[in-house]
Amino acid sequence: MDLQLQSFDGAKAGNITVSEAMFDREYNESLVHQVVTAYLAGARAGTHAQKTRSEVSGGGRKPFAQKGSGRARAGTIRSPIWRSGGTTFAAKPRDYSQKVNRKVYRNALCSILSELRRKDSLVIVDKVDLATPKTKDLLAKTDALGVKNALIVTENAAGNLALASRNLYDIAATDAAHVNPVALLRFEKVVMSEDSVRKLEESLL
């Protein structure tokens, strides 16, 4: 079924027909948590590396006699309890990514978009374009929409929009193909162009 949402075109406001399956779905908190956790885990580099006692150079000779020195017996200077020794549970490069089914990921995005609509955090506009790559021009557009902290989603966020938004902390721009759950939840508002709405409907439904 279809749903009517308000769409802003400059000073005028009209309606856009969208799918209920994407903008009127019940919020599934556990599903969203699973997808967000998997997305953040996949962003981890996993390149940390430490050496075990067998990998630290040196320590081939017994440092002192087993008996007679009055010290605790030691077989190598690369023991983890010695300075410059190996690490007991050494961190090794690993892949932190978690498998998430494509259907689960899509359902989570639809759940987030539906919750944004219910909380009046979703703003749909006819289009978002800038004649020049100037930050003040972008701020003028967001001020006209009454948003201070927002993610702007367009069909193609490259060009002037990307250049104008990259110097702002509270405003970010992305295209519909790269929308992710963390970005949708990070900002107070999500501003979407009508083209990006259609693009998301094609990819998520």
# chains A, B, ... in the order shown; residues from 1 in each chain; ligands from 1
$ select_by_dssp --residues "segment 43-186 of chain A" --states "strand (DSSP E or B)" --output "list in words"
Leu122, Val123, Ile124, Val125, Ala150, Leu151, Ile152, Val153, Thr154, Ile171, Ala172, Ala173, Thr174 and Asp175 of chain A
$ write_last_selection --atoms "N, CA and C atoms" --output "CSV table (one decimal), in the first residue's frame"
chain,number,residue,atom,x,y,z
A,122,LEU,N,12.0,13.1,9.8
A,122,LEU,CA,12.3,12.9,8.4
A,122,LEU,C,11.7,14.1,7.6
A,123,VAL,N,12.6,14.7,6.8
A,123,VAL,CA,12.2,15.8,6.0
A,123,VAL,C,12.4,15.5,4.5
A,124,ILE,N,11.4,15.5,3.7
A,124,ILE,CA,11.5,15.2,2.3
A,124,ILE,C,11.4,16.5,1.5
A,125,VAL,N,12.3,16.7,0.6
A,125,VAL,CA,12.3,17.9,-0.2
A,125,VAL,C,12.3,17.5,-1.7
A,150,ALA,N,21.7,17.4,10.7
A,150,ALA,CA,20.9,16.6,9.8
A,150,ALA,C,21.9,15.9,8.8
A,151,LEU,N,21.3,14.7,8.4
A,151,LEU,CA,22.0,14.0,7.3
A,151,LEU,C,21.2,14.2,6.0
A,152,ILE,N,21.9,14.7,5.0
A,152,ILE,CA,21.2,15.0,3.7
A,152,ILE,C,21.4,13.8,2.8
A,153,VAL,N,20.4,13.2,2.3
A,153,VAL,CA,20.4,12.0,1.4
A,153,VAL,C,19.9,12.4,0.0
A,154,THR,N,20.8,12.3,-1.0
A,154,THR,CA,20.4,12.6,-2.3
A,154,THR,C,20.7,11.4,-3.2
A,171,ILE,N,26.3,18.6,9.9
A,171,ILE,CA,25.6,18.4,8.7
A,171,ILE,C,26.5,17.4,7.8
A,172,ALA,N,25.9,16.4,7.3
A,172,ALA,CA,26.6,15.5,6.4
A,172,ALA,C,25.7,15.1,5.2
A,173,ALA,N,26.4,14.7,4.2
A,173,ALA,CA,25.7,14.4,2.9
A,173,ALA,C,26.1,13.0,2.4
A,174,THR,N,25.2,12.3,2.0
A,174,THR,CA,25.5,11.0,1.4
A,174,THR,C,24.5,10.7,0.3
A,175,ASP,N,24.8,9.7,-0.5
A,175,ASP,CA,23.8,9.4,-1.6
A,175,ASP,C,23.0,8.1,-1.1
$ select_by_dssp --residues "segment 3-196 of chain A" --states "helix (DSSP H, G or I)" --output "PyMOL selection string"
chain A and resi 20-23+29-42+102-118+135-145+160-165+176-178+181-186+194-196
$ write_last_selection --atoms "C-alpha atoms" --output "PDB file, in the first residue's frame"
ATOM      1  CA  GLU A  20       4.154   1.832   3.549  1.00  0.00           C
ATOM      2  CA  ALA A  21       6.560  -1.101   3.609  1.00  0.00           C
ATOM      3  CA  MET A  22       9.447   1.355   3.896  1.00  0.00           C
ATOM      4  CA  PHE A  23       7.986   4.250   5.879  1.00  0.00           C
ATOM      5  CA  GLU A  29      14.688  -2.437  18.256  1.00  0.00           C
ATOM      6  CA  SER A  30      16.488  -5.781  18.509  1.00  0.00           C
ATOM      7  CA  LEU A  31      16.841  -6.002  14.734  1.00  0.00           C
ATOM      8  CA  VAL A  32      18.205  -2.456  14.514  1.00  0.00           C
ATOM      9  CA  HIS A  33      20.646  -3.170  17.353  1.00  0.00           C
ATOM     10  CA  GLN A  34      21.915  -6.280  15.574  1.00  0.00           C
ATOM     11  CA  VAL A  35      22.506  -4.433  12.306  1.00  0.00           C
ATOM     12  CA  VAL A  36      24.141  -1.400  13.958  1.00  0.00           C
ATOM     13  CA  THR A  37      26.460  -3.649  15.972  1.00  0.00           C
ATOM     14  CA  ALA A  38      27.430  -5.578  12.836  1.00  0.00           C
ATOM     15  CA  TYR A  39      28.037  -2.356  10.892  1.00  0.00           C
ATOM     16  CA  LEU A  40      30.305  -0.910  13.597  1.00  0.00           C
ATOM     17  CA  ALA A  41      32.149  -4.221  13.952  1.00  0.00           C
ATOM     18  CA  GLY A  42      32.803  -4.295  10.219  1.00  0.00           C
ATOM     19  CA  ARG A 102      20.666  -8.890   3.102  1.00  0.00           C
ATOM     20  CA  LYS A 103      16.968  -9.159   3.981  1.00  0.00           C
ATOM     21  CA  VAL A 104      17.691  -8.440   7.651  1.00  0.00           C
ATOM     22  CA  TYR A 105      19.762  -5.376   6.742  1.00  0.00           C
ATOM     23  CA  ARG A 106      17.035  -4.001   4.474  1.00  0.00           C
ATOM     24  CA  ASN A 107      14.335  -4.579   7.086  1.00  0.00           C
ATOM     25  CA  ALA A 108      16.417  -2.736   9.678  1.00  0.00           C
ATOM     26  CA  LEU A 109      16.824   0.291   7.395  1.00  0.00           C
ATOM     27  CA  CYS A 110      13.079   0.341   6.714  1.00  0.00           C
ATOM     28  CA  SER A 111      12.430   0.097  10.440  1.00  0.00           C
ATOM     29  CA  ILE A 112      14.692   3.088  11.105  1.00  0.00           C
ATOM     30  CA  LEU A 113      13.118   5.161   8.314  1.00  0.00           C
ATOM     31  CA  SER A 114       9.644   4.393   9.642  1.00  0.00           C
ATOM     32  CA  GLU A 115      10.625   5.474  13.146  1.00  0.00           C
ATOM     33  CA  LEU A 116      12.148   8.684  11.800  1.00  0.00           C
ATOM     34  CA  ARG A 117       8.852   9.465  10.076  1.00  0.00           C
ATOM     35  CA  ARG A 118       6.831   8.790  13.229  1.00  0.00           C
ATOM     36  CA  THR A 135      29.256  26.025   3.070  1.00  0.00           C
ATOM     37  CA  LYS A 136      27.204  29.189   3.678  1.00  0.00           C
ATOM     38  CA  ASP A 137      24.894  28.288   0.787  1.00  0.00           C
ATOM     39  CA  LEU A 138      24.257  24.871   2.282  1.00  0.00           C
ATOM     40  CA  LEU A 139      23.613  26.390   5.711  1.00  0.00           C
ATOM     41  CA  ALA A 140      21.137  28.779   4.141  1.00  0.00           C
ATOM     42  CA  LYS A 141      19.210  25.809   2.730  1.00  0.00           C
ATOM     43  CA  THR A 142      19.213  23.893   6.024  1.00  0.00           C
ATOM     44  CA  ASP A 143      18.139  27.018   7.912  1.00  0.00           C
ATOM     45  CA  ALA A 144      15.230  27.444   5.495  1.00  0.00           C
ATOM     46  CA  LEU A 145      14.168  23.878   6.343  1.00  0.00           C
ATOM     47  CA  ASN A 160      29.067  20.867  -4.733  1.00  0.00           C
ATOM     48  CA  LEU A 161      27.007  19.253  -1.980  1.00  0.00           C
ATOM     49  CA  ALA A 162      29.860  17.013  -0.876  1.00  0.00           C
ATOM     50  CA  LEU A 163      32.325  19.906  -0.891  1.00  0.00           C
ATOM     51  CA  ALA A 164      29.997  22.243   0.997  1.00  0.00           C
ATOM     52  CA  SER A 165      29.175  19.726   3.749  1.00  0.00           C
ATOM     53  CA  ALA A 176      21.021   6.800  -1.413  1.00  0.00           C
ATOM     54  CA  ALA A 177      23.326   3.943  -2.413  1.00  0.00           C
ATOM     55  CA  HIS A 178      25.508   4.472   0.680  1.00  0.00           C
ATOM     56  CA  PRO A 181      21.978   2.576   9.849  1.00  0.00           C
ATOM     57  CA  VAL A 182      24.601   4.399  11.939  1.00  0.00           C
ATOM     58  CA  ALA A 183      24.341   7.586   9.869  1.00  0.00           C
ATOM     59  CA  LEU A 184      20.530   7.507  10.002  1.00  0.00           C
ATOM     60  CA  LEU A 185      20.568   7.260  13.788  1.00  0.00           C
ATOM     61  CA  ARG A 186      23.384   9.717  14.434  1.00  0.00           C
ATOM     62  CA  GLU A 194      12.454  12.738  -3.742  1.00  0.00           C
ATOM     63  CA  ASP A 195      14.934  11.057  -6.095  1.00  0.00           C
ATOM     64  CA  SER A 196      16.717   9.420  -3.167  1.00  0.00           C
TER      65      SER A 196
END
$ atom_distance --atom1 "atom CA of Asn167 of chain A" --atom2 "atom CA of Ala43 of chain A"
22.3 Å
$ closest_residue --among "A:Val197, A:Asp95, A:Thr52, A:Gly68" --to "Val18 of chain A" --atoms "only C-alpha atoms"
A:Val197
$ residues_around --residues "segment 79-92 of chain A" --least-positions-apart "2" --cutoff "12 Å" --atoms "only C-alpha atoms" --output "list in words"
Ala45, Gly46, Thr47, His48, Ala49, Gln50, Lys51, Thr52, Arg53, Ser54, Glu55, Val56, Ser57, Gly58, Gly59, Gly60, Lys62, Pro63, Ala72, Arg73, Ala74, Gly75, Thr76, Ile77, Arg94, Asp95 and Tyr96 of chain A
$ write_last_selection --atoms "N, CA and C atoms" --output "PDB file, in the first residue's frame"
ATOM      1  N   ALA A  45      39.357  -1.960  12.161  1.00  0.00           N
ATOM      2  CA  ALA A  45      40.493  -2.327  11.312  1.00  0.00           C
ATOM      3  C   ALA A  45      40.993  -3.736  11.619  1.00  0.00           C
ATOM      4  N   GLY A  46      41.066  -4.062  12.897  1.00  0.00           N
ATOM      5  CA  GLY A  46      41.544  -5.394  13.273  1.00  0.00           C
ATOM      6  C   GLY A  46      43.000  -5.630  12.943  1.00  0.00           C
ATOM      7  N   THR A  47      43.804  -4.556  12.920  1.00  0.00           N
ATOM      8  CA  THR A  47      45.216  -4.692  12.533  1.00  0.00           C
ATOM      9  C   THR A  47      46.157  -4.696  13.737  1.00  0.00           C
ATOM     10  N   HIS A  48      45.606  -4.708  14.961  1.00  0.00           N
ATOM     11  CA  HIS A  48      46.467  -4.698  16.144  1.00  0.00           C
ATOM     12  C   HIS A  48      47.281  -5.990  16.221  1.00  0.00           C
ATOM     13  N   ALA A  49      48.525  -5.879  16.634  1.00  0.00           N
ATOM     14  CA  ALA A  49      49.397  -7.057  16.685  1.00  0.00           C
ATOM     15  C   ALA A  49      50.391  -6.918  17.834  1.00  0.00           C
ATOM     16  N   GLN A  50      50.498  -7.963  18.629  1.00  0.00           N
ATOM     17  CA  GLN A  50      51.488  -8.041  19.696  1.00  0.00           C
ATOM     18  C   GLN A  50      52.241  -9.362  19.558  1.00  0.00           C
ATOM     19  N   LYS A  51      53.374  -9.439  20.218  1.00  0.00           N
ATOM     20  CA  LYS A  51      54.205 -10.639  20.099  1.00  0.00           C
ATOM     21  C   LYS A  51      54.078 -11.512  21.341  1.00  0.00           C
ATOM     22  N   THR A  52      54.012 -12.825  21.105  1.00  0.00           N
ATOM     23  CA  THR A  52      54.040 -13.773  22.202  1.00  0.00           C
ATOM     24  C   THR A  52      55.496 -14.011  22.595  1.00  0.00           C
ATOM     25  N   ARG A  53      55.717 -14.807  23.623  1.00  0.00           N
ATOM     26  CA  ARG A  53      57.082 -15.070  24.089  1.00  0.00           C
ATOM     27  C   ARG A  53      57.917 -15.789  23.035  1.00  0.00           C
ATOM     28  N   SER A  54      57.261 -16.527  22.158  1.00  0.00           N
ATOM     29  CA  SER A  54      58.002 -17.245  21.120  1.00  0.00           C
ATOM     30  C   SER A  54      58.381 -16.338  19.950  1.00  0.00           C
ATOM     31  N   GLU A  55      57.755 -15.166  19.859  1.00  0.00           N
ATOM     32  CA  GLU A  55      58.009 -14.276  18.738  1.00  0.00           C
ATOM     33  C   GLU A  55      58.975 -13.144  19.081  1.00  0.00           C
ATOM     34  N   VAL A  56      59.179 -12.887  20.367  1.00  0.00           N
ATOM     35  CA  VAL A  56      60.109 -11.830  20.769  1.00  0.00           C
ATOM     36  C   VAL A  56      61.536 -12.314  20.545  1.00  0.00           C
ATOM     37  N   SER A  57      62.385 -11.471  19.953  1.00  0.00           N
ATOM     38  CA  SER A  57      63.760 -11.885  19.645  1.00  0.00           C
ATOM     39  C   SER A  57      64.583 -11.998  20.914  1.00  0.00           C
ATOM     40  N   GLY A  58      65.560 -12.893  20.884  1.00  0.00           N
ATOM     41  CA  GLY A  58      66.452 -13.093  22.026  1.00  0.00           C
ATOM     42  C   GLY A  58      65.893 -14.100  23.017  1.00  0.00           C
ATOM     43  N   GLY A  59      66.623 -14.271  24.113  1.00  0.00           N
ATOM     44  CA  GLY A  59      66.144 -15.154  25.175  1.00  0.00           C
ATOM     45  C   GLY A  59      66.398 -16.616  24.936  1.00  0.00           C
ATOM     46  N   GLY A  60      67.351 -16.953  24.057  1.00  0.00           N
ATOM     47  CA  GLY A  60      67.611 -18.363  23.796  1.00  0.00           C
ATOM     48  C   GLY A  60      68.411 -19.030  24.904  1.00  0.00           C
ATOM     49  N   LYS A  62      69.511 -19.591  28.912  1.00  0.00           N
ATOM     50  CA  LYS A  62      68.994 -19.473  30.280  1.00  0.00           C
ATOM     51  C   LYS A  62      69.726 -18.314  30.967  1.00  0.00           C
ATOM     52  N   PRO A  63      69.006 -17.343  31.550  1.00  0.00           N
ATOM     53  CA  PRO A  63      69.659 -16.125  32.043  1.00  0.00           C
ATOM     54  C   PRO A  63      70.624 -16.357  33.206  1.00  0.00           C
ATOM     55  N   ALA A  72      64.248 -16.310  41.760  1.00  0.00           N
ATOM     56  CA  ALA A  72      63.289 -17.274  41.228  1.00  0.00           C
ATOM     57  C   ALA A  72      63.833 -17.860  39.933  1.00  0.00           C
ATOM     58  N   ARG A  73      63.612 -19.127  39.742  1.00  0.00           N
ATOM     59  CA  ARG A  73      64.130 -19.795  38.554  1.00  0.00           C
ATOM     60  C   ARG A  73      63.532 -19.173  37.287  1.00  0.00           C
ATOM     61  N   ALA A  74      64.347 -19.081  36.250  1.00  0.00           N
ATOM     62  CA  ALA A  74      63.923 -18.483  34.981  1.00  0.00           C
ATOM     63  C   ALA A  74      64.596 -19.212  33.836  1.00  0.00           C
ATOM     64  N   GLY A  75      63.830 -19.456  32.781  1.00  0.00           N
ATOM     65  CA  GLY A  75      64.377 -20.167  31.634  1.00  0.00           C
ATOM     66  C   GLY A  75      64.675 -19.258  30.453  1.00  0.00           C
ATOM     67  N   THR A  76      64.054 -18.058  30.438  1.00  0.00           N
ATOM     68  CA  THR A  76      64.268 -17.139  29.323  1.00  0.00           C
ATOM     69  C   THR A  76      63.966 -15.709  29.775  1.00  0.00           C
ATOM     70  N   ILE A  77      64.679 -14.771  29.198  1.00  0.00           N
ATOM     71  CA  ILE A  77      64.431 -13.366  29.537  1.00  0.00           C
ATOM     72  C   ILE A  77      63.224 -12.822  28.786  1.00  0.00           C
ATOM     73  N   ARG A  94      42.784  -9.720  13.132  1.00  0.00           N
ATOM     74  CA  ARG A  94      41.590 -10.544  12.970  1.00  0.00           C
ATOM     75  C   ARG A  94      40.508  -9.749  12.260  1.00  0.00           C
ATOM     76  N   ASP A  95      39.544 -10.454  11.759  1.00  0.00           N
ATOM     77  CA  ASP A  95      38.417  -9.855  11.059  1.00  0.00           C
ATOM     78  C   ASP A  95      37.230  -9.800  12.015  1.00  0.00           C
ATOM     79  N   TYR A  96      36.756  -8.589  12.329  1.00  0.00           N
ATOM     80  CA  TYR A  96      35.661  -8.424  13.279  1.00  0.00           C
ATOM     81  C   TYR A  96      34.288  -8.425  12.613  1.00  0.00           C
TER      82      TYR A  96
END
$ atom_distance --atom1 "atom CA of Asn15 of chain A" --atom2 "atom CA of Phe187 of chain A"
24.0 Å
$ atom_distance --atom1 "atom CA of Tyr27 of chain A" --atom2 "atom CA of Glu202 of chain A"
20.8 Å
$ closest_residue --among "A:Leu200, A:Leu205, A:Ile16, A:Ala158" --to "Asn180 of chain A" --atoms "only C-alpha atoms"
A:Leu200
$ decode --residues "segment 77-188 of chain A" --atoms "C-alpha atoms" --output "PDB file, in the first residue's frame"
ATOM      1  CA  ILE A  77      64.431 -13.366  29.537  1.00  0.00           C
ATOM      2  CA  ARG A  78      61.472 -13.179  27.141  1.00  0.00           C
ATOM      3  CA  SER A  79      59.003 -14.512  29.701  1.00  0.00           C
ATOM      4  CA  PRO A  80      55.822 -12.393  29.920  1.00  0.00           C
ATOM      5  CA  ILE A  81      56.632 -11.460  33.533  1.00  0.00           C
ATOM      6  CA  TRP A  82      59.968  -9.970  32.495  1.00  0.00           C
ATOM      7  CA  ARG A  83      60.475  -6.472  31.140  1.00  0.00           C
ATOM      8  CA  SER A  84      60.612  -6.542  27.301  1.00  0.00           C
ATOM      9  CA  GLY A  85      59.151 -10.035  27.395  1.00  0.00           C
ATOM     10  CA  GLY A  86      56.312 -11.348  25.294  1.00  0.00           C
ATOM     11  CA  THR A  87      52.618 -10.690  25.888  1.00  0.00           C
ATOM     12  CA  THR A  88      50.610 -13.411  27.573  1.00  0.00           C
ATOM     13  CA  PHE A  89      47.438 -13.141  25.491  1.00  0.00           C
ATOM     14  CA  ALA A  90      48.863 -11.318  22.492  1.00  0.00           C
ATOM     15  CA  ALA A  91      46.436  -9.505  20.208  1.00  0.00           C
ATOM     16  CA  LYS A  92      46.570 -10.757  16.644  1.00  0.00           C
ATOM     17  CA  PRO A  93      45.160  -9.363  13.390  1.00  0.00           C
ATOM     18  CA  ARG A  94      41.590 -10.544  12.970  1.00  0.00           C
ATOM     19  CA  ASP A  95      38.417  -9.855  11.059  1.00  0.00           C
ATOM     20  CA  TYR A  96      35.661  -8.424  13.279  1.00  0.00           C
ATOM     21  CA  SER A  97      32.969  -8.381  10.605  1.00  0.00           C
ATOM     22  CA  GLN A  98      29.689 -10.098  11.352  1.00  0.00           C
ATOM     23  CA  LYS A  99      27.476 -11.718   8.758  1.00  0.00           C
ATOM     24  CA  VAL A 100      24.097 -10.057   8.329  1.00  0.00           C
ATOM     25  CA  ASN A 101      21.620 -11.368   5.799  1.00  0.00           C
ATOM     26  CA  ARG A 102      20.666  -8.890   3.102  1.00  0.00           C
ATOM     27  CA  LYS A 103      16.968  -9.159   3.981  1.00  0.00           C
ATOM     28  CA  VAL A 104      17.691  -8.440   7.651  1.00  0.00           C
ATOM     29  CA  TYR A 105      19.762  -5.376   6.742  1.00  0.00           C
ATOM     30  CA  ARG A 106      17.035  -4.001   4.474  1.00  0.00           C
ATOM     31  CA  ASN A 107      14.335  -4.579   7.086  1.00  0.00           C
ATOM     32  CA  ALA A 108      16.417  -2.736   9.678  1.00  0.00           C
ATOM     33  CA  LEU A 109      16.824   0.291   7.395  1.00  0.00           C
ATOM     34  CA  CYS A 110      13.079   0.341   6.714  1.00  0.00           C
ATOM     35  CA  SER A 111      12.430   0.097  10.440  1.00  0.00           C
ATOM     36  CA  ILE A 112      14.692   3.088  11.105  1.00  0.00           C
ATOM     37  CA  LEU A 113      13.118   5.161   8.314  1.00  0.00           C
ATOM     38  CA  SER A 114       9.644   4.393   9.642  1.00  0.00           C
ATOM     39  CA  GLU A 115      10.625   5.474  13.146  1.00  0.00           C
ATOM     40  CA  LEU A 116      12.148   8.684  11.800  1.00  0.00           C
ATOM     41  CA  ARG A 117       8.852   9.465  10.076  1.00  0.00           C
ATOM     42  CA  ARG A 118       6.831   8.790  13.229  1.00  0.00           C
ATOM     43  CA  LYS A 119       9.078  11.093  15.269  1.00  0.00           C
ATOM     44  CA  ASP A 120       8.907  13.881  12.645  1.00  0.00           C
ATOM     45  CA  SER A 121      12.648  13.548  12.099  1.00  0.00           C
ATOM     46  CA  LEU A 122      12.279  12.877   8.382  1.00  0.00           C
ATOM     47  CA  VAL A 123      12.169  15.827   5.983  1.00  0.00           C
ATOM     48  CA  ILE A 124      11.479  15.191   2.304  1.00  0.00           C
ATOM     49  CA  VAL A 125      12.314  17.873  -0.229  1.00  0.00           C
ATOM     50  CA  ASP A 126      11.940  18.123  -3.983  1.00  0.00           C
ATOM     51  CA  LYS A 127      15.697  18.269  -4.481  1.00  0.00           C
ATOM     52  CA  VAL A 128      18.903  19.436  -2.830  1.00  0.00           C
ATOM     53  CA  ASP A 129      21.294  21.134  -5.198  1.00  0.00           C
ATOM     54  CA  LEU A 130      23.886  23.872  -4.816  1.00  0.00           C
ATOM     55  CA  ALA A 131      25.083  26.199  -7.529  1.00  0.00           C
ATOM     56  CA  THR A 132      28.425  26.675  -5.761  1.00  0.00           C
ATOM     57  CA  PRO A 133      30.411  24.490  -3.355  1.00  0.00           C
ATOM     58  CA  LYS A 134      30.036  26.989  -0.497  1.00  0.00           C
ATOM     59  CA  THR A 135      29.256  26.025   3.070  1.00  0.00           C
ATOM     60  CA  LYS A 136      27.204  29.189   3.678  1.00  0.00           C
ATOM     61  CA  ASP A 137      24.894  28.288   0.787  1.00  0.00           C
ATOM     62  CA  LEU A 138      24.257  24.871   2.282  1.00  0.00           C
ATOM     63  CA  LEU A 139      23.613  26.390   5.711  1.00  0.00           C
ATOM     64  CA  ALA A 140      21.137  28.779   4.141  1.00  0.00           C
ATOM     65  CA  LYS A 141      19.210  25.809   2.730  1.00  0.00           C
ATOM     66  CA  THR A 142      19.213  23.893   6.024  1.00  0.00           C
ATOM     67  CA  ASP A 143      18.139  27.018   7.912  1.00  0.00           C
ATOM     68  CA  ALA A 144      15.230  27.444   5.495  1.00  0.00           C
ATOM     69  CA  LEU A 145      14.168  23.878   6.343  1.00  0.00           C
ATOM     70  CA  GLY A 146      14.600  24.529  10.062  1.00  0.00           C
ATOM     71  CA  VAL A 147      17.259  21.880  10.632  1.00  0.00           C
ATOM     72  CA  LYS A 148      20.545  22.309  12.483  1.00  0.00           C
ATOM     73  CA  ASN A 149      21.733  18.727  12.813  1.00  0.00           C
ATOM     74  CA  ALA A 150      20.940  16.634   9.762  1.00  0.00           C
ATOM     75  CA  LEU A 151      21.957  13.957   7.313  1.00  0.00           C
ATOM     76  CA  ILE A 152      21.211  14.958   3.727  1.00  0.00           C
ATOM     77  CA  VAL A 153      20.437  12.036   1.414  1.00  0.00           C
ATOM     78  CA  THR A 154      20.356  12.607  -2.334  1.00  0.00           C
ATOM     79  CA  GLU A 155      20.539  10.387  -5.387  1.00  0.00           C
ATOM     80  CA  ASN A 156      24.110  11.551  -5.951  1.00  0.00           C
ATOM     81  CA  ALA A 157      25.870  13.454  -3.146  1.00  0.00           C
ATOM     82  CA  ALA A 158      29.037  14.164  -5.125  1.00  0.00           C
ATOM     83  CA  GLY A 159      30.034  17.591  -6.397  1.00  0.00           C
ATOM     84  CA  ASN A 160      29.067  20.867  -4.733  1.00  0.00           C
ATOM     85  CA  LEU A 161      27.007  19.253  -1.980  1.00  0.00           C
ATOM     86  CA  ALA A 162      29.860  17.013  -0.876  1.00  0.00           C
ATOM     87  CA  LEU A 163      32.325  19.906  -0.891  1.00  0.00           C
ATOM     88  CA  ALA A 164      29.997  22.243   0.997  1.00  0.00           C
ATOM     89  CA  SER A 165      29.175  19.726   3.749  1.00  0.00           C
ATOM     90  CA  ARG A 166      32.577  18.219   4.457  1.00  0.00           C
ATOM     91  CA  ASN A 167      33.600  21.127   6.721  1.00  0.00           C
ATOM     92  CA  LEU A 168      30.512  20.790   8.926  1.00  0.00           C
ATOM     93  CA  TYR A 169      30.208  18.534  11.967  1.00  0.00           C
ATOM     94  CA  ASP A 170      26.416  18.685  12.368  1.00  0.00           C
ATOM     95  CA  ILE A 171      25.605  18.388   8.658  1.00  0.00           C
ATOM     96  CA  ALA A 172      26.605  15.455   6.449  1.00  0.00           C
ATOM     97  CA  ALA A 173      25.686  14.411   2.925  1.00  0.00           C
ATOM     98  CA  THR A 174      25.474  10.964   1.391  1.00  0.00           C
ATOM     99  CA  ASP A 175      23.800   9.352  -1.573  1.00  0.00           C
ATOM    100  CA  ALA A 176      21.021   6.800  -1.413  1.00  0.00           C
ATOM    101  CA  ALA A 177      23.326   3.943  -2.413  1.00  0.00           C
ATOM    102  CA  HIS A 178      25.508   4.472   0.680  1.00  0.00           C
ATOM    103  CA  VAL A 179      22.883   5.059   3.370  1.00  0.00           C
ATOM    104  CA  ASN A 180      23.766   3.106   6.505  1.00  0.00           C
ATOM    105  CA  PRO A 181      21.978   2.576   9.849  1.00  0.00           C
ATOM    106  CA  VAL A 182      24.601   4.399  11.939  1.00  0.00           C
ATOM    107  CA  ALA A 183      24.341   7.586   9.869  1.00  0.00           C
ATOM    108  CA  LEU A 184      20.530   7.507  10.002  1.00  0.00           C
ATOM    109  CA  LEU A 185      20.568   7.260  13.788  1.00  0.00           C
ATOM    110  CA  ARG A 186      23.384   9.717  14.434  1.00  0.00           C
ATOM    111  CA  PHE A 187      21.635  12.912  13.343  1.00  0.00           C
ATOM    112  CA  GLU A 188      18.520  14.596  14.708  1.00  0.00           C
TER     113      GLU A 188
END
